[in-house]
Amino acid sequence: MNLHERTIGRDSLQNDNLVEIEDVTFGYGDRLVLKGINLRAKKGQVIAIMGSSGCGKTTLLRLIGGQIKPGQGEVRVAGESLGRLNQRGLYRLRRKMGMLFQFGALFTDMSVFDNVAYQLREHTDLPEDAIRDLVLMKLHAVGLRGAAQMMPSELSGGMARRVALARAIALEPALVMFDEPFAGLDPISLGVTGNLIRRLTDTLGLTSLVVTHDVQESLKIVDYVYFVSEGVIVAEGTADDMRASDLPYVHQFVHGEADGPVPFHYPAPPYADDLGLGGRRA
Amino acid sequence: MLKQAIENLGNRTLEGVWRIGYATRFFVLILLHSGTAFRRFGLTIREIYFSGVLSLIIILVSGLFVGMVLGLQGYETLQTFGSEEALGILVALSLVRELGPVVAALLFASRAGSAITAEIGLMKATEQLSAMEMMAVDPIARVVAPRFWAGVISMPLLAALFSAMGIFGGYLVGVQLIGVDEGSFWSQMRSAVDFEQDILNGVIKSVVFGIAITAIALYEGYDAPPTAEGVSGATTRTVVASSLAVLALDFVLTAFMFRGLN
């Protein structure tokens with residue numbers, strides 16, 4: 001199953017798409033990271049963007065968040081083209097977005113409560129009583145109401161990730177982006193985080209974009225998957241499509257094989273040459 | 001060989017020009033986004049506590065000892081000419097015109113400047129600034145501008161306290177320890193120190209130093225590579241660059257302020 005097969009009939013669904021990426025190319029200096037990417041995230045779905053480290057997954061999230069601009073192509077969120085927005089417009093649009101960073105990015109000088117209350121205090125005129133109730137509701141949703149007065153330094157990695165999730169949904173955004181939400185978590189936290197993403201997406205009517213390379217955990221919760229390799233989308237489809245795929249890259253990734261289209265070895269000169277054995281005779 | 005040297009020179013020049021341009025743009029952005037620092041003055045007051053109040057110990061203790069040394073050294077020199085009653089003038093003018101603003105600024109750069117750079121650099125490295133941007137909160141307005149104005153407000157107050165403690169140190173040594181006449185010490189100081197020429201110019205100096213130190217500290221933190229080594233290097237650069245800036249600016253300001261005095 002490839003990209004082009006899946007794009008048939010996509011236009012009819014265009015209004016249902018919260019995020020649309022059209023033919024986007026992006027590079028750092030001369031090095032191209034993304035090469036002609038097309039991607040759509042349908043409202044109310046959990047979409048996974050998978051691929052090996054350094055393939056451009058996080059760059060995609062930064063493009064969708066408007067933190068960087070594409071060299072070519074267009075990124076649209078909620079029908080608005082990010083390239084045409086000034087800073088004020090971009091900030092207005094970001095109020096409809098939430099982002100969970102890989103390590104939480106909690107404000108270390110604030111308590112868990114104040115971290116979650118941060119956006120409510122910055123962007124609303126709600127009285128402190130109402131903010132308190134909302135914050136406790138969000139923390140309850142991620143199971144950490146009892147940790148409201150703790151400082152980020154007192155939290156485990158999994159707890160910090162859940163607090164960051166509560167903060168990301170504080171303003172009940174339309175889109176939440178998750179950057180490696182499963183990285184470095186123990187099996188229990190992994191399952192809890194995956195279930196939270198699915199449950200919050202369904203109950204709050206969010207659209208979730210999950211950048212991850214944790215295949216097994218994410219395939220349990222996602223509606224649609226994009227596989228990125230070397231800056232291009234090499235495969236896409238539902239979780240079942242991906243499990244059944246016989247594309248070498250997808251097969252290697254889903255089954256965690258050490259070698260395949262993604263080589264085990266980073267490109268290097270011949271091993272014998274590096275060891276100085278190239279000219280040696282027996 | 002020559003081509004390589006020219007290329008290197010060109011690269012360094014371009015990089016230097018780029019950094020100056022980036023720093024200037026950053027400074028202009030701080031000024032443009034300063035509204036938040038005044039509308040929500042609580043943010044600035046919080047930073048005044050971290051930059052100013054927490055610098056008080058080092059400023060007050062240093063001021064006291066500098067004043068005491070001035071008292072000792074000044075007395076040694078003045079008694080040679082039989083004018084030890086002028087000790088108050090020597091201590092006060094040295095502190096109010098030069099040592100107060102300059103030494104307080106150097107201490108402020110080491111204590112508060114390095115802390116500002118490390119804090120902003122670590123916020124960047126741990127993606128807190130990115131998180132803020134993604135929450136539609138401008139980090140320049142919310143984080144940088146309040147710290148800038150806190151530094152600008154704190155610096156002259158710290159310099160004034162440094163000078164006051166220095167004068168007290170000079171009094172302790174000169175009057176209480178050595179026995180210079182107390183009436184002469186205070187009355188000569190009061191008649192010789194001019195509010196506009198001495199005190200106001202000292203305040204202007206410390207405001208300029210406050211602007212320079214805080215702007216350098218914030219820029220270095222904001223521009224720091226998001227690694228442990230990057231933040232460490234930025235902190236060092238803040239202390240070195242702001243100390244040199246203080247000394248250079250002091251010379252320029254002194255040349256303009258005091259060239260007509262007898």
# chains A, B, ... in the order shown; residues from 1 in each chain; ligands from 1

$ closest_atom_pairs --of "chain B" --to "chain A" --cutoff "6 Å" --atoms "only C-alpha atoms" --output "JSON lines"
{"residue": "B:Thr126", "atom": "CA", "partner": "A:Ala105", "partner_atom": "CA", "distance": 5.8}
{"residue": "B:Glu127", "atom": "CA", "partner": "A:Ala105", "partner_atom": "CA", "distance": 5.3}
{"residue": "B:Gln128", "atom": "CA", "partner": "A:Ala105", "partner_atom": "CA", "distance": 4.9}
{"residue": "B:Ala136", "atom": "CA", "partner": "A:Tyr91", "partner_atom": "CA", "distance": 4.5}

$ residues_around --residues "segment 164-177 of chain B" --least-positions-apart "4" --cutoff "10 Å" --atoms "only C-alpha atoms" --output "VMD selection string"
chain B and resid 59 to 75 84 to 85 87 to 96 99 to 100 158 to 160 181 to 186 189

$ write_last_selection --atoms "N, CA and C atoms" --output "compact mmCIF listing (two decimals), in the first residue's frame"
# COMPACT_ATOMS: atom_id res chain seq x y z
N ILE B 59 26.72 42.62 47.23
CA ILE B 59 26.89 44.05 46.99
C ILE B 59 27.20 44.77 48.32
N LEU B 60 26.44 44.48 49.34
CA LEU B 60 26.62 45.19 50.62
C LEU B 60 27.96 44.85 51.27
N VAL B 61 28.30 43.58 51.28
CA VAL B 61 29.56 43.18 51.92
C VAL B 61 30.75 43.73 51.13
N SER B 62 30.67 43.64 49.80
CA SER B 62 31.77 44.17 48.98
C SER B 62 31.88 45.68 49.18
N GLY B 63 30.74 46.37 49.19
CA GLY B 63 30.75 47.83 49.37
C GLY B 63 31.41 48.20 50.68
N LEU B 64 31.07 47.46 51.75
CA LEU B 64 31.62 47.75 53.06
C LEU B 64 33.15 47.61 53.05
N PHE B 65 33.64 46.53 52.49
CA PHE B 65 35.09 46.30 52.49
C PHE B 65 35.83 47.26 51.57
N VAL B 66 35.23 47.58 50.41
CA VAL B 66 35.86 48.55 49.51
C VAL B 66 35.98 49.90 50.22
N GLY B 67 34.90 50.28 50.91
CA GLY B 67 34.92 51.55 51.65
C GLY B 67 35.97 51.54 52.75
N MET B 68 36.09 50.42 53.45
CA MET B 68 37.08 50.31 54.52
C MET B 68 38.50 50.42 53.96
N VAL B 69 38.74 49.77 52.84
CA VAL B 69 40.07 49.86 52.21
C VAL B 69 40.33 51.28 51.75
N LEU B 70 39.31 51.91 51.17
CA LEU B 70 39.47 53.31 50.75
C LEU B 70 39.83 54.19 51.94
N GLY B 71 39.16 53.93 53.07
CA GLY B 71 39.45 54.70 54.29
C GLY B 71 40.90 54.56 54.71
N LEU B 72 41.38 53.33 54.70
CA LEU B 72 42.77 53.08 55.11
C LEU B 72 43.76 53.72 54.14
N GLN B 73 43.59 53.39 52.86
CA GLN B 73 44.53 53.89 51.84
C GLN B 73 44.46 55.42 51.75
N GLY B 74 43.23 55.93 51.78
CA GLY B 74 43.04 57.38 51.66
C GLY B 74 43.71 58.10 52.81
N TYR B 75 43.52 57.58 54.00
CA TYR B 75 44.12 58.22 55.17
C TYR B 75 45.65 58.24 55.04
N GLU B 84 43.99 65.00 56.24
CA GLU B 84 43.21 63.80 56.51
C GLU B 84 41.73 64.09 56.75
N GLU B 85 41.36 65.38 57.04
CA GLU B 85 39.95 65.71 57.20
C GLU B 85 39.20 65.57 55.88
N LEU B 87 39.21 63.08 54.10
CA LEU B 87 38.97 61.65 53.84
C LEU B 87 37.54 61.39 53.37
N GLY B 88 36.60 62.10 53.98
CA GLY B 88 35.19 61.91 53.61
C GLY B 88 34.96 62.22 52.14
N ILE B 89 35.61 63.30 51.66
CA ILE B 89 35.46 63.68 50.25
C ILE B 89 36.02 62.57 49.36
N LEU B 90 37.24 62.13 49.71
CA LEU B 90 37.90 61.11 48.88
C LEU B 90 37.05 59.84 48.80
N VAL B 91 36.58 59.39 49.94
CA VAL B 91 35.78 58.15 49.97
C VAL B 91 34.50 58.34 49.17
N ALA B 92 33.80 59.44 49.43
CA ALA B 92 32.49 59.64 48.80
C ALA B 92 32.62 59.81 47.29
N LEU B 93 33.55 60.68 46.85
CA LEU B 93 33.66 60.91 45.40
C LEU B 93 34.14 59.65 44.67
N SER B 94 35.09 58.94 45.27
CA SER B 94 35.57 57.71 44.63
C SER B 94 34.42 56.73 44.43
N LEU B 95 33.60 56.63 45.47
CA LEU B 95 32.51 55.64 45.40
C LEU B 95 31.38 56.11 44.49
N VAL B 96 30.94 57.34 44.67
CA VAL B 96 29.75 57.79 43.94
C VAL B 96 30.03 57.93 42.45
N LEU B 99 33.67 53.91 41.75
CA LEU B 99 33.69 52.55 42.30
C LEU B 99 32.29 52.00 42.53
N GLY B 100 31.38 52.84 42.96
CA GLY B 100 30.01 52.37 43.20
C GLY B 100 29.40 51.77 41.94
N LEU B 158 21.33 49.00 43.35
CA LEU B 158 22.44 48.25 43.93
C LEU B 158 23.69 49.12 44.02
N ALA B 159 23.92 49.93 42.96
CA ALA B 159 25.10 50.80 42.96
C ALA B 159 24.99 51.82 44.09
N ALA B 160 23.77 52.35 44.31
CA ALA B 160 23.57 53.33 45.39
C ALA B 160 23.83 52.68 46.75
N ASP B 181 38.39 63.46 62.49
CA ASP B 181 37.29 64.21 63.09
C ASP B 181 35.98 63.92 62.36
N GLU B 182 34.97 63.54 63.13
CA GLU B 182 33.69 63.11 62.53
C GLU B 182 33.00 64.28 61.82
N GLY B 183 33.04 65.46 62.45
CA GLY B 183 32.39 66.64 61.86
C GLY B 183 33.01 66.98 60.52
N SER B 184 34.36 66.96 60.45
CA SER B 184 35.04 67.28 59.18
C SER B 184 34.70 66.23 58.13
N PHE B 185 34.69 64.96 58.56
CA PHE B 185 34.43 63.86 57.62
C PHE B 185 33.10 64.08 56.90
N TRP B 186 32.03 64.34 57.67
CA TRP B 186 30.70 64.45 57.05
C TRP B 186 30.50 65.80 56.38
N MET B 189 32.42 66.18 53.13
CA MET B 189 31.80 65.31 52.13
C MET B 189 30.54 65.99 51.57

$ select_by_dssp --residues "segment 9-202 of chain B" --states "alpha helix (DSSP H)" --output "PyMOL selection string"
chain B and resi 9-32+35-39+41-51+56-80+87-93+100-108+114-125+128-134+139+145-171+182-192+201-202

$ residues_around --residues "Ile30 of chain B" --least-positions-apart "5" --cutoff "8 Å" --atoms "only C-alpha atoms" --output "PDB file with N, CA and C atoms, in the first residue's frame"
ATOM      1  N   ILE B 140       9.666  36.370  24.486  1.00  0.00           N
ATOM      2  CA  ILE B 140      10.357  37.662  24.609  1.00  0.00           C
ATOM      3  C   ILE B 140       9.563  38.570  25.553  1.00  0.00           C
ATOM      4  N   ALA B 141       8.243  38.570  25.374  1.00  0.00           N
ATOM      5  CA  ALA B 141       7.407  39.430  26.214  1.00  0.00           C
ATOM      6  C   ALA B 141       7.281  38.878  27.627  1.00  0.00           C
ATOM      7  N   VAL B 144      11.733  37.388  28.678  1.00  0.00           N
ATOM      8  CA  VAL B 144      12.932  38.211  28.471  1.00  0.00           C
ATOM      9  C   VAL B 144      12.723  39.654  28.938  1.00  0.00           C
ATOM     10  N   ALA B 145      11.643  40.295  28.480  1.00  0.00           N
ATOM     11  CA  ALA B 145      11.454  41.730  28.792  1.00  0.00           C
ATOM     12  C   ALA B 145      11.363  42.002  30.302  1.00  0.00           C
ATOM     13  N   PHE B 148      14.800  41.980  31.638  1.00  0.00           N
ATOM     14  CA  PHE B 148      15.579  43.130  31.177  1.00  0.00           C
ATOM     15  C   PHE B 148      15.286  44.347  32.059  1.00  0.00           C
TER      16      PHE B 148
END

$ residues_around --residues "Arg25 of chain B" --least-positions-apart "6" --cutoff "12 Å" --atoms "only C-alpha atoms" --output "mmCIF file with C-alpha atoms, in the first residue's frame"
data_model
loop_
_atom_site.group_PDB
_atom_site.id
_atom_site.type_symbol
_atom_site.label_atom_id
_atom_site.label_comp_id
_atom_site.auth_asym_id
_atom_site.auth_seq_id
_atom_site.Cartn_x
_atom_site.Cartn_y
_atom_site.Cartn_z
ATOM 1 C CA TRP B 18 25.443 38.447 11.608
ATOM 2 C CA ARG B 19 25.741 38.236 15.396
ATOM 3 C CA LEU B 31 11.958 47.100 23.675
ATOM 4 C CA LEU B 32 8.961 46.448 21.408
ATOM 5 C CA ILE B 140 10.357 37.662 24.609
ATOM 6 C CA ALA B 215 20.932 42.775 27.435
ATOM 7 C CA TYR B 219 21.042 37.548 24.467
#

$ residues_around --residues "Gln252 of chain A" --least-positions-apart "6" --cutoff "9 Å" --atoms "only C-alpha atoms" --output "PyMOL selection string"
chain A and resi 258-262

$ write_last_selection --atoms "C-alpha atoms" --output "CSV table (one decimal), in the first residue's frame"
chain,number,residue,atom,x,y,z
A,258,ALA,CA,18.0,-5.0,12.8
A,259,ASP,CA,18.9,-4.9,9.1
A,260,GLY,CA,16.9,-4.2,6.0
A,261,PRO,CA,16.1,-1.1,4.0
A,262,VAL,CA,17.2,0.8,7.1

$ residues_around --residues "Leu204 of chain A" --least-positions-apart "5" --cutoff "10 Å" --atoms "only C-alpha atoms" --output "ChimeraX atom specification"
/A:44,169,172-174,199

$ write_last_selection --atoms "C-alpha atoms" --output "PDB file, in the first residue's frame"
ATOM      1  CA  GLY A  44     -11.234  13.232  15.713  1.00  0.00           C
ATOM      2  CA  ILE A 169      -5.324  20.004  26.866  1.00  0.00           C
ATOM      3  CA  GLU A 172      -9.297  22.093  25.119  1.00  0.00           C
ATOM      4  CA  PRO A 173      -7.526  22.520  21.784  1.00  0.00           C
ATOM      5  CA  ALA A 174      -8.675  21.023  18.509  1.00  0.00           C
ATOM      6  CA  ARG A 199      -9.353   8.246  25.619  1.00  0.00           C
TER       7      ARG A 199
END

$ closest_residue --among "B:Gly233, B:Ala109, B:Ala86, B:Ala150" --to "Val180 of chain B" --atoms "only C-alpha atoms"
B:Ala86

$ atom_distance --atom1 "atom CA of Arg161 of chain A" --atom2 "atom CA of Glu229 of chain B"
25.8 Å

$ atom_distance --atom1 "atom CA of Ser191 of chain B" --atom2 "atom CA of Phe251 of chain B"
26.1 Å

$ closest_residue --among "B:Ile199, B:Ile178, B:Ile48, B:Ile213" --to "Glu76 of chain B" --atoms "only C-alpha atoms"
B:Ile178

$ atom_distance --atom1 "atom CA of Arg237 of chain B" --atom2 "atom CA of Ser55 of chain B"
19.8 Å

$ closest_residue --among "A:Asp109, A:Asp274, A:Asp186, A:Glu74" --to "Val19 of chain A" --atoms "only C-alpha atoms"
A:Glu74

$ select_by_dssp --residues "segment 1-218 of chain A" --states "strand (DSSP E)" --output "PyMOL selection string"
chain A and resi 17-28+31-42+46-50+72-77+80-81+97-100+175-179+207-212
